[in-house]
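What's in entry.tsv: TSV, C-alpha atoms and all ligand atoms
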```tsv
chain	number	residue	atom	x	y	z
A	1403	MET	CA	-23.37	9.64	5.85
A	1404	LYS	CA	-19.61	9.23	6.02
A	1405	ILE	CA	-18.27	5.67	6.00
A	1406	LEU	CA	-14.72	4.36	6.42
A	1407	ILE	CA	-13.95	1.06	4.68
A	1408	ALA	CA	-10.82	-0.62	6.04
A	1409	GLY	CA	-9.35	-2.90	3.38
A	1410	GLY	CA	-11.75	-1.34	0.87
A	1411	ALA	CA	-9.25	-1.59	-2.02
A	1412	GLY	CA	-9.50	-5.39	-2.00
A	1413	TYR	CA	-11.70	-7.77	-3.99
A	1414	LEU	CA	-14.96	-7.06	-2.11
A	1415	GLY	CA	-14.29	-3.38	-1.49
A	1416	SER	CA	-13.63	-2.68	-5.18
A	1417	VAL	CA	-17.25	-3.70	-5.94
A	1418	LEU	CA	-18.81	-2.36	-2.73
A	1419	VAL	CA	-17.30	1.15	-2.78
A	1420	PRO	CA	-18.73	2.16	-6.22
A	1421	LYS	CA	-22.18	0.93	-5.07
A	1422	LEU	CA	-21.97	3.03	-1.89
A	1423	LEU	CA	-20.83	6.13	-3.81
A	1424	GLU	CA	-23.73	5.64	-6.22
A	1425	ARG	CA	-26.13	5.63	-3.23
A	1426	GLY	CA	-24.77	9.02	-2.16
A	1427	TYR	CA	-22.50	8.00	0.72
A	1428	ASP	CA	-19.26	9.80	1.42
A	1429	VAL	CA	-16.70	6.96	1.37
A	1430	ASP	CA	-13.09	6.85	2.54
A	1431	VAL	CA	-10.90	3.77	2.17
A	1432	VAL	CA	-7.99	3.02	4.46
A	1433	ASP	CA	-5.76	0.37	2.93
A	1434	LEU	CA	-2.19	-0.79	2.42
A	1435	PHE	CA	-2.99	-1.29	-1.31
A	1436	TRP	CA	-1.30	-4.69	-1.56
A	1437	PHE	CA	-3.23	-5.29	-4.78
A	1438	GLY	CA	-3.15	-1.75	-6.19
A	1439	ASN	CA	-5.98	0.77	-6.37
A	1440	HIS	CA	-8.99	0.05	-8.60
A	1441	LEU	CA	-11.38	2.43	-6.81
A	1442	PRO	CA	-13.39	5.27	-8.37
A	1443	PRO	CA	-11.65	8.69	-8.21
A	1444	GLU	CA	-14.36	10.08	-5.86
A	1445	THR	CA	-13.19	7.70	-3.11
A	1446	GLY	CA	-11.25	9.29	-0.24
A	1447	ILE	CA	-7.91	7.46	-0.05
A	1448	ILE	CA	-5.96	6.91	3.16
A	1449	GLN	CA	-2.83	4.82	2.61
A	1450	LYS	CA	-2.17	3.53	6.10
A	1451	ASP	CA	-2.02	0.42	8.24
A	1452	ILE	CA	-5.15	0.00	10.39
A	1453	PHE	CA	-2.88	-0.16	13.45
A	1454	ASP	CA	-1.75	3.43	12.75
A	1455	LEU	CA	-5.30	4.84	12.96
A	1456	THR	CA	-6.13	6.85	16.08
A	1457	VAL	CA	-9.41	7.81	17.76
A	1458	ASP	CA	-9.05	11.30	16.23
A	1459	ASP	CA	-8.77	9.78	12.73
A	1460	LEU	CA	-12.17	8.10	13.17
A	1461	GLN	CA	-14.17	10.94	14.67
A	1462	SER	CA	-15.87	12.08	11.45
A	1463	TYR	CA	-17.33	8.65	10.51
A	1464	GLN	CA	-20.80	7.34	11.32
A	1465	GLN	CA	-19.91	3.79	10.27
A	1466	VAL	CA	-16.75	1.71	9.88
A	1467	VAL	CA	-16.59	-1.46	7.76
A	1468	PHE	CA	-13.75	-3.98	8.21
A	1469	LEU	CA	-12.77	-5.74	4.96
A	1470	ALA	CA	-9.04	-6.10	5.61
A	1471	GLY	CA	-6.80	-8.95	6.72
A	1472	LEU	CA	-5.26	-12.04	5.12
A	1473	SER	CA	-8.19	-13.37	3.22
A	1474	ASN	CA	-7.73	-17.12	2.71
A	1475	ASP	CA	-6.34	-20.39	4.05
A	1476	PRO	CA	-3.11	-20.50	1.99
A	1477	MET	CA	-2.14	-16.99	3.22
A	1478	ALA	CA	-2.99	-17.90	6.80
A	1479	GLU	CA	-0.99	-21.11	6.67
A	1480	TYR	CA	1.97	-19.46	4.93
A	1481	SER	CA	2.26	-16.95	7.75
A	1482	PRO	CA	0.17	-18.01	10.77
A	1483	SER	CA	1.61	-15.28	13.02
A	1484	GLN	CA	0.73	-12.49	10.56
A	1485	ASN	CA	-2.65	-14.15	10.04
A	1486	PHE	CA	-3.48	-13.78	13.74
A	1487	ILE	CA	-2.25	-10.16	13.79
A	1488	PHE	CA	-4.13	-9.04	10.66
A	1489	ASN	CA	-7.31	-11.15	11.10
A	1490	ALA	CA	-7.83	-11.14	14.86
A	1491	ALA	CA	-5.96	-8.16	16.35
A	1492	ALA	CA	-6.64	-5.65	13.53
A	1493	PRO	CA	-10.48	-5.86	13.56
A	1494	ALA	CA	-10.44	-5.78	17.37
A	1495	TYR	CA	-8.21	-2.70	17.48
A	1496	LEU	CA	-10.25	-0.90	14.80
A	1497	ALA	CA	-13.55	-1.61	16.59
A	1498	TYR	CA	-12.03	-0.41	19.86
A	1499	VAL	CA	-10.91	2.96	18.43
A	1500	ALA	CA	-14.15	3.30	16.43
A	1501	LYS	CA	-16.22	2.92	19.59
A	1502	LYS	CA	-14.02	5.45	21.42
A	1503	ALA	CA	-14.57	7.86	18.53
A	1504	ALA	CA	-18.38	7.47	18.92
A	1505	VAL	CA	-18.84	5.73	15.55
A	1506	LYS	CA	-22.43	4.39	15.47
A	1507	ARG	CA	-21.95	1.07	13.64
A	1508	TYR	CA	-19.16	-1.38	12.90
A	1509	VAL	CA	-19.60	-4.02	10.18
A	1510	TYR	CA	-17.19	-6.95	10.32
A	1511	ALA	CA	-16.26	-9.29	7.43
A	1512	SER	CA	-16.58	-12.69	9.06
A	1513	SER	CA	-16.59	-16.03	7.31
A	1514	CYS	CA	-18.60	-19.27	7.36
A	1515	SER	CA	-15.20	-20.98	7.72
A	1516	VAL	CA	-15.68	-20.52	11.50
A	1517	TYR	CA	-17.98	-23.60	11.35
A	1518	GLY	CA	-15.05	-25.91	10.44
A	1519	TYR	CA	-16.01	-29.48	9.58
A	1520	THR	CA	-19.71	-30.23	10.15
A	1521	ASP	CA	-21.80	-33.34	9.57
A	1522	ASN	CA	-23.73	-32.14	6.53
A	1523	GLU	CA	-26.35	-30.40	8.69
A	1524	LEU	CA	-27.69	-26.93	7.91
A	1525	PHE	CA	-26.05	-24.56	10.42
A	1526	ASP	CA	-27.65	-21.37	11.70
A	1527	GLU	CA	-25.80	-18.77	13.76
A	1528	THR	CA	-26.64	-20.50	17.07
A	1529	ARG	CA	-24.74	-23.68	16.15
A	1530	PRO	CA	-21.27	-24.32	17.61
A	1531	VAL	CA	-18.23	-22.92	15.84
A	1532	ALA	CA	-15.30	-25.30	15.70
A	1533	SER	CA	-12.57	-24.46	13.24
A	1534	SER	CA	-9.12	-25.80	13.99
A	1535	TYR	CA	-6.98	-24.11	11.34
A	1536	PRO	CA	-5.39	-20.63	11.42
A	1537	TYR	CA	-7.75	-18.73	9.08
A	1538	GLY	CA	-10.97	-20.02	10.67
A	1539	ILE	CA	-9.69	-19.52	14.24
A	1540	SER	CA	-8.51	-15.97	13.53
A	1541	LYS	CA	-11.79	-14.96	11.82
A	1542	LEU	CA	-13.65	-16.24	14.87
A	1543	GLN	CA	-11.33	-14.40	17.27
A	1544	GLY	CA	-11.88	-11.17	15.29
A	1545	GLU	CA	-15.64	-11.73	15.40
A	1546	GLN	CA	-15.75	-12.45	19.14
A	1547	ALA	CA	-13.64	-9.38	19.91
A	1548	VAL	CA	-15.81	-6.98	17.90
A	1549	MET	CA	-19.12	-8.49	19.08
A	1550	ASN	CA	-18.00	-7.97	22.70
A	1551	LEU	CA	-17.91	-4.21	22.10
A	1552	MET	CA	-21.56	-4.01	20.99
A	1553	ASP	CA	-23.96	-1.95	23.14
A	1554	ASP	CA	-26.96	0.39	22.70
A	1555	GLU	CA	-24.75	3.16	21.29
A	1556	PHE	CA	-22.44	0.97	19.20
A	1557	SER	CA	-24.11	-1.44	16.76
A	1558	VAL	CA	-21.93	-4.32	15.56
A	1559	ILE	CA	-22.92	-6.51	12.61
A	1560	SER	CA	-20.84	-9.52	11.65
A	1561	LEU	CA	-21.43	-11.05	8.22
A	1562	ARG	CA	-20.33	-14.69	8.08
A	1563	LYS	CA	-19.88	-15.00	4.34
A	1564	GLY	CA	-19.64	-18.08	2.17
A	1565	THR	CA	-16.87	-18.27	-0.45
A	1566	VAL	CA	-17.29	-15.23	-2.66
A	1567	SER	CA	-16.90	-15.43	-6.45
A	1568	GLY	CA	-17.51	-13.27	-9.52
A	1569	TYR	CA	-15.78	-10.34	-11.15
A	1570	SER	CA	-14.19	-7.44	-9.28
A	1571	PRO	CA	-11.93	-4.70	-10.72
A	1572	ARG	CA	-9.39	-6.03	-8.13
A	1573	MET	CA	-9.71	-9.57	-9.45
A	1574	ARG	CA	-9.07	-12.81	-7.55
A	1575	LEU	CA	-8.65	-16.17	-9.29
A	1576	ASP	CA	-8.06	-18.10	-6.04
A	1577	LEU	CA	-11.75	-18.41	-5.13
A	1578	ILE	CA	-13.72	-21.59	-5.92
A	1579	VAL	CA	-15.92	-20.57	-8.88
A	1580	ASN	CA	-13.33	-18.15	-10.26
A	1581	THR	CA	-10.62	-20.84	-10.12
A	1582	MET	CA	-12.83	-23.42	-11.84
A	1583	PHE	CA	-13.79	-20.84	-14.45
A	1584	LYS	CA	-10.14	-20.01	-15.19
A	1585	ASN	CA	-9.17	-23.69	-15.43
A	1586	GLY	CA	-12.20	-24.48	-17.58
A	1587	ILE	CA	-11.29	-21.77	-20.09
A	1588	ARG	CA	-7.53	-22.01	-19.93
A	1589	ASN	CA	-6.98	-25.77	-19.56
A	1590	ARG	CA	-10.37	-27.02	-20.78
A	1591	GLU	CA	-10.43	-28.95	-17.52
A	1592	ILE	CA	-12.03	-28.43	-14.10
A	1593	THR	CA	-10.60	-30.37	-11.15
A	1594	VAL	CA	-12.83	-31.19	-8.19
A	1595	ASN	CA	-10.77	-32.27	-5.17
A	1596	ASN	CA	-13.69	-33.64	-3.17
A	1597	PRO	CA	-17.16	-33.72	-4.75
A	1598	SER	CA	-19.10	-34.43	-1.53
A	1599	ILE	CA	-17.88	-31.43	0.52
A	1600	TRP	CA	-20.49	-28.69	1.12
A	1601	ARG	CA	-19.73	-25.00	0.63
A	1602	PRO	CA	-21.96	-21.93	0.82
A	1603	ILE	CA	-21.22	-19.99	-2.38
A	1604	LEU	CA	-21.73	-16.23	-2.46
A	1605	SER	CA	-21.76	-14.11	-5.59
A	1606	ILE	CA	-19.86	-10.85	-5.21
A	1607	GLU	CA	-23.04	-8.99	-6.18
A	1608	ASP	CA	-25.02	-10.65	-3.36
A	1609	ALA	CA	-22.07	-10.19	-0.97
A	1610	THR	CA	-21.82	-6.46	-1.56
A	1611	ASN	CA	-25.63	-6.12	-1.37
A	1612	ALA	CA	-25.44	-7.79	2.07
A	1613	TYR	CA	-23.02	-5.03	3.21
A	1614	ILE	CA	-25.47	-2.40	1.95
A	1615	ARG	CA	-28.32	-4.10	3.88
A	1616	ALA	CA	-26.11	-4.09	7.02
A	1617	ILE	CA	-25.06	-0.44	6.62
A	1618	GLU	CA	-28.67	0.64	6.04
A	1619	ALA	CA	-30.25	-1.55	8.77
A	1620	SER	CA	-32.06	0.16	11.65
A	1621	ASP	CA	-29.73	1.50	14.39
A	1622	LYS	CA	-31.11	-1.06	16.83
A	1623	ILE	CA	-29.88	-4.04	14.81
A	1624	SER	CA	-26.69	-5.84	15.82
A	1625	GLY	CA	-25.66	-9.47	15.54
A	1626	ILE	CA	-24.10	-12.26	13.54
A	1627	PHE	CA	-25.56	-13.24	10.17
A	1628	ASN	CA	-24.79	-16.08	7.76
A	1629	ILE	CA	-24.59	-14.74	4.19
A	1630	ALA	CA	-24.67	-16.99	1.10
A	1631	SER	CA	-26.23	-17.15	-2.35
A	1632	GLY	CA	-26.75	-20.90	-1.94
A	1633	ASN	CA	-25.34	-24.14	-0.50
A	1634	TYR	CA	-23.70	-26.50	-3.02
A	1635	THR	CA	-21.48	-29.55	-2.93
A	1636	VAL	CA	-18.15	-28.86	-4.63
A	1637	GLY	CA	-19.04	-31.59	-7.13
A	1638	GLU	CA	-22.19	-29.70	-8.10
A	1639	VAL	CA	-20.26	-26.42	-8.40
A	1640	GLY	CA	-17.90	-28.19	-10.85
A	1641	ASP	CA	-20.86	-29.44	-12.91
A	1642	LEU	CA	-22.54	-26.02	-12.95
A	1643	VAL	CA	-19.38	-24.15	-13.97
A	1644	LYS	CA	-18.64	-26.71	-16.72
A	1645	MET	CA	-22.23	-26.49	-17.99
A	1646	ALA	CA	-22.30	-22.68	-17.95
A	1647	ILE	CA	-18.98	-22.41	-19.86
A	1648	GLU	CA	-20.14	-24.98	-22.42
A	1649	GLU	CA	-23.55	-23.35	-22.87
A	1650	GLN	CA	-22.38	-19.74	-22.90
A	1651	LEU	CA	-19.03	-20.05	-24.70
A	1652	GLY	CA	-19.40	-23.28	-26.68
A	1653	ILE	CA	-16.15	-24.63	-25.22
A	1654	SER	CA	-16.09	-28.25	-24.12
A	1655	VAL	CA	-14.63	-28.83	-20.64
A	1656	ARG	CA	-13.46	-32.07	-18.97
A	1657	LEU	CA	-14.29	-32.66	-15.28
A	1658	THR	CA	-11.67	-34.52	-13.20
A	1659	ILE	CA	-12.83	-35.80	-9.82
A	1660	HIS	CA	-10.48	-36.62	-6.91
A	1661	HIS	CA	-11.43	-37.75	-3.41
A	1662	LYS	CA	-9.03	-35.77	-1.22
A	1663	THR	CA	-9.84	-35.13	2.45
A	1664	ASP	CA	-10.85	-31.59	3.39
A	1665	PHE	CA	-10.97	-29.85	6.77
A	1666	ARG	CA	-13.92	-27.67	5.82
A	1667	ASN	CA	-17.45	-28.89	5.18
A	1668	TYR	CA	-20.49	-26.77	6.02
A	1669	LYS	CA	-23.81	-25.49	4.74
A	1670	VAL	CA	-25.59	-22.57	6.33
A	1671	SER	CA	-29.06	-21.16	6.87
A	1672	ILE	CA	-29.47	-17.52	5.86
A	1673	GLU	CA	-32.95	-17.19	7.37
A	1674	LYS	CA	-31.81	-14.72	10.03
A	1675	ALA	CA	-30.27	-12.38	7.40
A	1676	GLU	CA	-33.43	-12.66	5.29
A	1677	ASN	CA	-35.72	-11.85	8.21
A	1678	THR	CA	-33.60	-9.22	10.01
A	1679	LEU	CA	-31.55	-7.50	7.28
A	1680	SER	CA	-33.90	-8.11	4.33
A	1681	PHE	CA	-31.00	-9.81	2.54
A	1682	HIS	CA	-32.35	-11.82	-0.40
A	1683	PRO	CA	-29.66	-13.29	-2.68
A	1684	ASN	CA	-30.46	-13.59	-6.35
A	1685	HIS	CA	-27.24	-14.69	-8.07
A	1686	ASN	CA	-26.67	-18.44	-8.37
A	1687	VAL	CA	-23.55	-20.18	-9.79
A	1688	LYS	CA	-24.85	-19.76	-13.36
A	1689	CYS	CA	-25.17	-15.98	-12.77
A	1690	ILE	CA	-21.64	-15.88	-11.31
A	1691	VAL	CA	-20.23	-17.53	-14.46
A	1692	LYS	CA	-22.23	-15.13	-16.65
A	1693	ASN	CA	-20.77	-12.21	-14.67
A	1694	LEU	CA	-17.24	-13.64	-15.20
A	1695	ILE	CA	-17.83	-14.09	-18.94
A	1696	ASP	CA	-19.14	-10.52	-19.24
A	1697	HIS	CA	-15.83	-9.18	-17.84
A	1698	MET	CA	-13.47	-11.87	-19.15
A	1699	ASP	CA	-11.45	-9.51	-21.36
A	1700	LYS	CA	-10.23	-7.71	-18.19
A	1701	PHE	CA	-8.45	-10.64	-16.47
A	1702	GLN	CA	-7.06	-12.96	-19.12
A	1703	ASP	CA	-3.52	-12.28	-17.94
A	1704	TRP	CA	-4.26	-15.42	-15.88
A	1705	ASP	CA	-0.83	-15.54	-14.17
A	1706	ASN	CA	-0.89	-11.99	-12.80
A	1707	PRO	CA	0.28	-12.48	-9.16
A	1708	HIS	CA	-2.27	-9.91	-7.95
A	1709	TYR	CA	-5.04	-12.42	-8.79
A	1710	TYR	CA	-3.65	-14.90	-6.23
A	1711	ASN	CA	-3.40	-13.59	-2.66
A	1712	ILE	CA	-0.68	-16.03	-1.65
A	1713	GLU	CA	1.53	-15.01	-4.60
A	1714	THR	CA	1.17	-11.33	-3.72
A	1715	LEU	CA	1.93	-11.98	-0.04
A	1716	LYS	CA	5.12	-13.87	-0.98
A	1717	LEU	CA	6.20	-11.02	-3.29
A	1718	LEU	CA	5.51	-8.41	-0.60
A	1719	GLN	CA	7.48	-10.38	1.97
A	1720	ALA	CA	10.42	-10.86	-0.39
A	1721	LYS	CA	10.39	-7.11	-1.11
A	1722	SER	CA	10.32	-6.13	2.58
A	1723	GLN	CA	13.11	-8.63	3.29
A	1724	TYR	CA	15.14	-7.04	0.46
A	1725	LEU	CA	14.50	-3.52	1.81
A	1726	ARG	CA	15.52	-4.62	5.34
A	1727	THR	CA	18.74	-6.12	3.95
A	1728	LEU	CA	19.51	-2.88	2.09
A	1729	GLN	CA	19.02	-0.90	5.34
A	1730	GLU	CA	21.33	-3.28	7.23
A	1731	VAL	CA	24.05	-2.93	4.55
A	1732	ALA	CA	23.77	0.89	4.49
B	1801	LIG	N1	-13.30	-13.31	-0.52
B	1801	LIG	C1	-13.98	-14.24	0.16
B	1801	LIG	O1	-14.39	-15.30	-0.38
B	1801	LIG	C2	-14.28	-14.04	1.63
B	1801	LIG	C3	-15.16	-14.91	2.26
B	1801	LIG	C4	-15.44	-14.72	3.62
B	1801	LIG	C5	-14.85	-13.67	4.31
B	1801	LIG	N2	-13.99	-12.85	3.66
B	1801	LIG	C6	-13.39	-11.73	4.41
B	1801	LIG	O2	-13.78	-10.53	3.75
B	1801	LIG	C7	-12.74	-9.55	3.82
B	1801	LIG	C8	-12.43	-9.02	2.41
B	1801	LIG	O3	-12.05	-10.08	1.56
B	1801	LIG	P1	-11.40	-9.77	0.14
B	1801	LIG	O4	-11.52	-11.02	-0.66
B	1801	LIG	O5	-11.93	-8.48	-0.38
B	1801	LIG	O6	-9.87	-9.58	0.57
B	1801	LIG	P2	-8.63	-8.94	-0.24
B	1801	LIG	O7	-7.45	-9.74	0.14
B	1801	LIG	O8	-8.97	-8.79	-1.67
B	1801	LIG	O9	-8.52	-7.46	0.36
B	1801	LIG	C9	-8.00	-7.17	1.62
B	1801	LIG	C10	-7.52	-5.71	1.58
B	1801	LIG	O10	-7.13	-5.35	2.90
B	1801	LIG	C11	-5.93	-4.59	2.84
B	1801	LIG	N3	-5.29	-4.75	4.15
B	1801	LIG	C12	-4.96	-5.93	4.76
B	1801	LIG	N4	-4.46	-5.68	5.99
B	1801	LIG	C13	-4.48	-4.33	6.15
B	1801	LIG	C14	-4.11	-3.45	7.23
B	1801	LIG	N5	-3.58	-3.94	8.37
B	1801	LIG	N6	-4.29	-2.13	7.08
B	1801	LIG	C15	-4.82	-1.63	5.92
B	1801	LIG	N7	-5.20	-2.40	4.88
B	1801	LIG	C16	-5.03	-3.73	5.00
B	1801	LIG	C17	-5.17	-5.18	1.65
B	1801	LIG	O11	-4.25	-4.24	1.10
B	1801	LIG	C18	-6.31	-5.50	0.68
B	1801	LIG	O12	-6.55	-4.40	-0.20
B	1801	LIG	C19	-11.56	-10.24	4.51
B	1801	LIG	O13	-11.59	-9.90	5.88
B	1801	LIG	C20	-11.87	-11.73	4.37
B	1801	LIG	O14	-11.31	-12.50	5.42
B	1801	LIG	C21	-13.70	-12.99	2.32
```
Now that the file is in, can you turn its structure into structure tokens?
Ligand SMILES: NC(=O)c1ccc[n+]([C@@H]2O[C@H](COP(=O)([O-])OP(=O)(O)OC[C@H]3O[C@@H](n4cnc5c(N)ncnc54)[C@H](O)[C@@H]3O)[C@@H](O)[C@H]2O)c1
Amino acid sequence: MKILIAGGAGYLGSVLVPKLLERGYDVDVVDLFWFGNHLPPETGIIQKDIFDLTVDDLQSYQQVVFLAGLSNDPMAEYSPSQNFIFNAAAPAYLAYVAKKAAVKRYVYASSCSVYGYTDNELFDETRPVASSYPYGISKLQGEQAVMNLMDDEFSVISLRKGTVSGYSPRMRLDLIVNTMFKNGIRNREITVNNPSIWRPILSIEDATNAYIRAIEASDKISGIFNIASGNYTVGEVGDLVKMAIEEQLGISVRLTIHHKTDFRNYKVSIEKAENTLSFHPNHNVKCIVKNLIDHMDKFQDWDNPHYYNIETLKLLQAKSQYLRTLQEVA
């Protein structure tokens, strides 16, 4: 089967693509390569903006997976207009051309952030979505647009993921467990901004396994699925990361607790994904920290701007501004 992964050179794609190749799939990645290329050499590479893809470009694929966009709140708030273009319009456009090209399935990278601020209740996929900030709104708009295209010939699966963490060859240190891990090792201190806030945490191994379950699900399956390894308060995540670093590396780490307000608070039920996709997570926070320790020698250049999406976006914008100025002068 031939699969196109849009945004497949990012954090998730750089773990997912090798797994798909290992399972015998023919995988192409279309990407702008903002964070470089860490993909295996067998991957088909298409360096392009999603908006430049045509129906003809998509005709040879059985499935298309959307992993692109501006992937966090700081990026979305830094550039709300680009956030809405890349997170809402891009998945909608790609699903539209994929359907026209007779692609059989479209898998969309949604986010549990669509739930916004909830009252500490366990949310399943039927509960109201109510985010009021650019990233959450745009992820929801993308999801609604692609789900609208679903029919008997075009399966659409949307995976509402918790915050992903763990090691990827395209590393990110701006994700909850990864950030705490870096601060624990580097500063011997983990800061928790609000210990009572709930977050579904998702190990990158479980996350990429969820995509495999979606890609390999029966043709008849479509729908929205919450995906998480477990629900934790941020205070508990801090404790677990501190404990795992102390136990596994013998480093002692101080925990600093603040009580700042947050606009996100949610915990989710993954029962639907368990029952329909056979998604069964098996990597808790301790496993995530173990996975980070196992690969620690590969990302100790802690300040590398590629590890922080917002830093890379600012650099890219400064560069394009510089190139525009050069063109104007010439
Ligand atoms: N990482 C998480 O914790 C998390 C959680 C929930 C949902 N998600 C969603 O999952 C997806 C993947 O997340 P990630 O952490 O791998 O992101 P990432 O930022 O690491 O990767 C995104 C990739 O998309 C590419 N890209 C962006 N816009 C593009 C365009 N218009 N055309 C071609 N390529 C483009 C970038 O070059 C980059 O390689 C995103 O849609 C994100 O919103 C991520």
(message) Between A:Thr1445, A:Asn1611, A:Asn1596, A:Thr1678, which residue has the minimum interatomic distance to Thr1635 in chain A, considering only C-alpha atoms?
(response) A:Asn1596
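Each of A:Val1499, A:Met1582, A:Ala1609, A:Ala1504 was checked against ligand LIG 1801 (chain B) using only C-alpha atoms and all ligand atoms; the smallest atom-to-atom distance is that of A:Ala1609.
Between CA of Ala1411 in chain A and CA of Asn1439 in chain A the interatomic distance comes to 5.9 Å.
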Please identify every residue of chain A that has at least one atom no farther than 7 Å from an atom of ligand LIG 1801 (chain B), counting only C-alpha atoms and all ligand atoms, and for each give the shortest atom pair and the distance in Å to one decimal, arranged by chain then increasing number, as a Markdown table.
```
| residue | atom | partner | partner_atom | distance |
| --- | --- | --- | --- | --- |
| A:Ala1408 | CA | B:LIG1801 | N7 | 6.0 |
| A:Gly1409 | CA | B:LIG1801 | O10 | 3.3 |
| A:Gly1410 | CA | B:LIG1801 | C10 | 6.1 |
| A:Ala1411 | CA | B:LIG1801 | O12 | 4.3 |
| A:Gly1412 | CA | B:LIG1801 | O9 | 3.3 |
| A:Tyr1413 | CA | B:LIG1801 | O5 | 3.7 |
| A:Leu1414 | CA | B:LIG1801 | O5 | 3.8 |
| A:Gly1415 | CA | B:LIG1801 | O5 | 5.7 |
| A:Val1432 | CA | B:LIG1801 | C15 | 5.8 |
| A:Asp1433 | CA | B:LIG1801 | N7 | 3.4 |
| A:Leu1434 | CA | B:LIG1801 | N7 | 4.2 |
| A:Phe1435 | CA | B:LIG1801 | O11 | 4.0 |
| A:Trp1436 | CA | B:LIG1801 | O11 | 4.0 |
| A:Phe1437 | CA | B:LIG1801 | O12 | 5.7 |
| A:Lys1450 | CA | B:LIG1801 | C15 | 5.8 |
| A:Asp1451 | CA | B:LIG1801 | N6 | 3.6 |
| A:Ile1452 | CA | B:LIG1801 | N6 | 4.0 |
| A:Phe1453 | CA | B:LIG1801 | N5 | 6.4 |
| A:Phe1468 | CA | B:LIG1801 | O13 | 6.7 |
| A:Leu1469 | CA | B:LIG1801 | C7 | 4.0 |
| A:Ala1470 | CA | B:LIG1801 | O10 | 3.4 |
| A:Gly1471 | CA | B:LIG1801 | C12 | 4.0 |
| A:Leu1472 | CA | B:LIG1801 | O7 | 5.9 |
| A:Ser1473 | CA | B:LIG1801 | O14 | 3.9 |
| A:Asn1474 | CA | B:LIG1801 | O14 | 6.4 |
| A:Phe1488 | CA | B:LIG1801 | N5 | 5.6 |
| A:Asn1489 | CA | B:LIG1801 | O13 | 6.9 |
| A:Ala1492 | CA | B:LIG1801 | N5 | 6.2 |
| A:Ala1511 | CA | B:LIG1801 | O2 | 4.6 |
| A:Ser1512 | CA | B:LIG1801 | C5 | 5.1 |
| A:Ser1513 | CA | B:LIG1801 | C4 | 4.1 |
| A:Cys1514 | CA | B:LIG1801 | C4 | 6.7 |
| A:Lys1541 | CA | B:LIG1801 | O14 | 6.9 |
| A:Arg1562 | CA | B:LIG1801 | C4 | 6.6 |
| A:Lys1563 | CA | B:LIG1801 | C4 | 4.5 |
| A:Gly1564 | CA | B:LIG1801 | C3 | 5.5 |
| A:Thr1565 | CA | B:LIG1801 | O1 | 3.9 |
| A:Val1566 | CA | B:LIG1801 | O1 | 3.7 |
| A:Ser1567 | CA | B:LIG1801 | O1 | 6.6 |
| A:Leu1577 | CA | B:LIG1801 | O1 | 6.3 |
| A:Asn1711 | CA | B:LIG1801 | O7 | 6.3 |
```
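The closest residue to Asp1428 in chain A, picked from A:Gly1446, A:Pro1536, A:Pro1482, A:Gly1568 and counting all atoms listed in the file, is A:Gly1446.
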(request) Around the point (-10.4, -13.0, 15.3) in the file's coordinates, collect all residues with an atom within 10 Å, using all atoms listed in the file, and return them as a ChimeraX atom specification. (result) /A:1485-1494,1512,1516,1536-1548
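Counting all atoms listed in the file and comparing A:Lys1501, A:Arg1425, A:Arg1529, A:His1660, the residue that lies closest to Tyr1463 in chain A is A:Lys1501.
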(request) Give the answer as one residue: which of A:Ala1532, A:Leu1524, A:Leu1422, A:Val1558 has the shortest atom-to-atom distance to Ala1619 in chain A, using only C-alpha atoms? (result) A:Val1558
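When all atoms listed in the file are used to compute distances to Gly1586 in chain A, the closest of the residues A:Val1531, A:Leu1496, A:Val1691, A:Ala1675 turns out to be A:Val1691.
Omitting Ala1646 in chain A and its sequence neighbours fewer than 4 positions away, and counting only C-alpha atoms, the residues within 8 Å are Leu1642, Gln1650, Leu1651, Lys1688, Val1691 and Lys1692 of chain A.
The two atoms in question, CA of Glu1673 in chain A and CA of Phe1525 in chain A, are spaced 10.5 Å apart.
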(request) Can you work out the spacing between CA of Tyr1613 in chain A and CA of Leu1455 in chain A in Å, to one decimal? (result) 22.5 Å
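For Asn1706 in chain A, the list of residues within 10 Å, based on all atoms listed in the file and with local chain neighbours fewer than 4 positions off taken out, reads A:Met1573, A:Arg1574, A:Leu1575, A:Phe1701, A:Gln1702, A:Tyr1710, A:Glu1713, A:Thr1714.
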(message) List the spatial neighbours of range 1624-1631 of chain A as an MDAnalysis selection string - criterion: any atom at most 8 Å away, only C-alpha atoms, same-chain residues fewer than 3 positions off excluded.
(response) chainID A and resid 1514 1526:1527 1549 1552 1557:1564 1602:1605 1608:1609 1612 1670:1672 1674:1675 1683:1686
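Omitting Val1655 in chain A and its sequence neighbours fewer than 2 positions away, and counting only C-alpha atoms, the residues within 9 Å are Gly1586, Ile1587, Asn1589, Arg1590, Glu1591, Ile1592, Lys1644, Met1645, Ile1647, Glu1648, Ile1653 and Leu1657 of chain A.
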(message) So that I can check the surroundings of Ile1617 in chain A, please list as a list in words every protein, DNA and RNA residue that reaches within 8 Å of it, counting all atoms listed in the file and ignoring chain neighbours fewer than 6 positions away.
(response) Gln1465, Arg1507 and Val1509 of chain A
(request) Would you be able to write out as number ranges by chain which residues have an atom within 10 Å of (-7.5, 6.6, 22.3) in the file's coordinates, counting only C-alpha atoms? (result) A: 1455-1458, 1498-1503
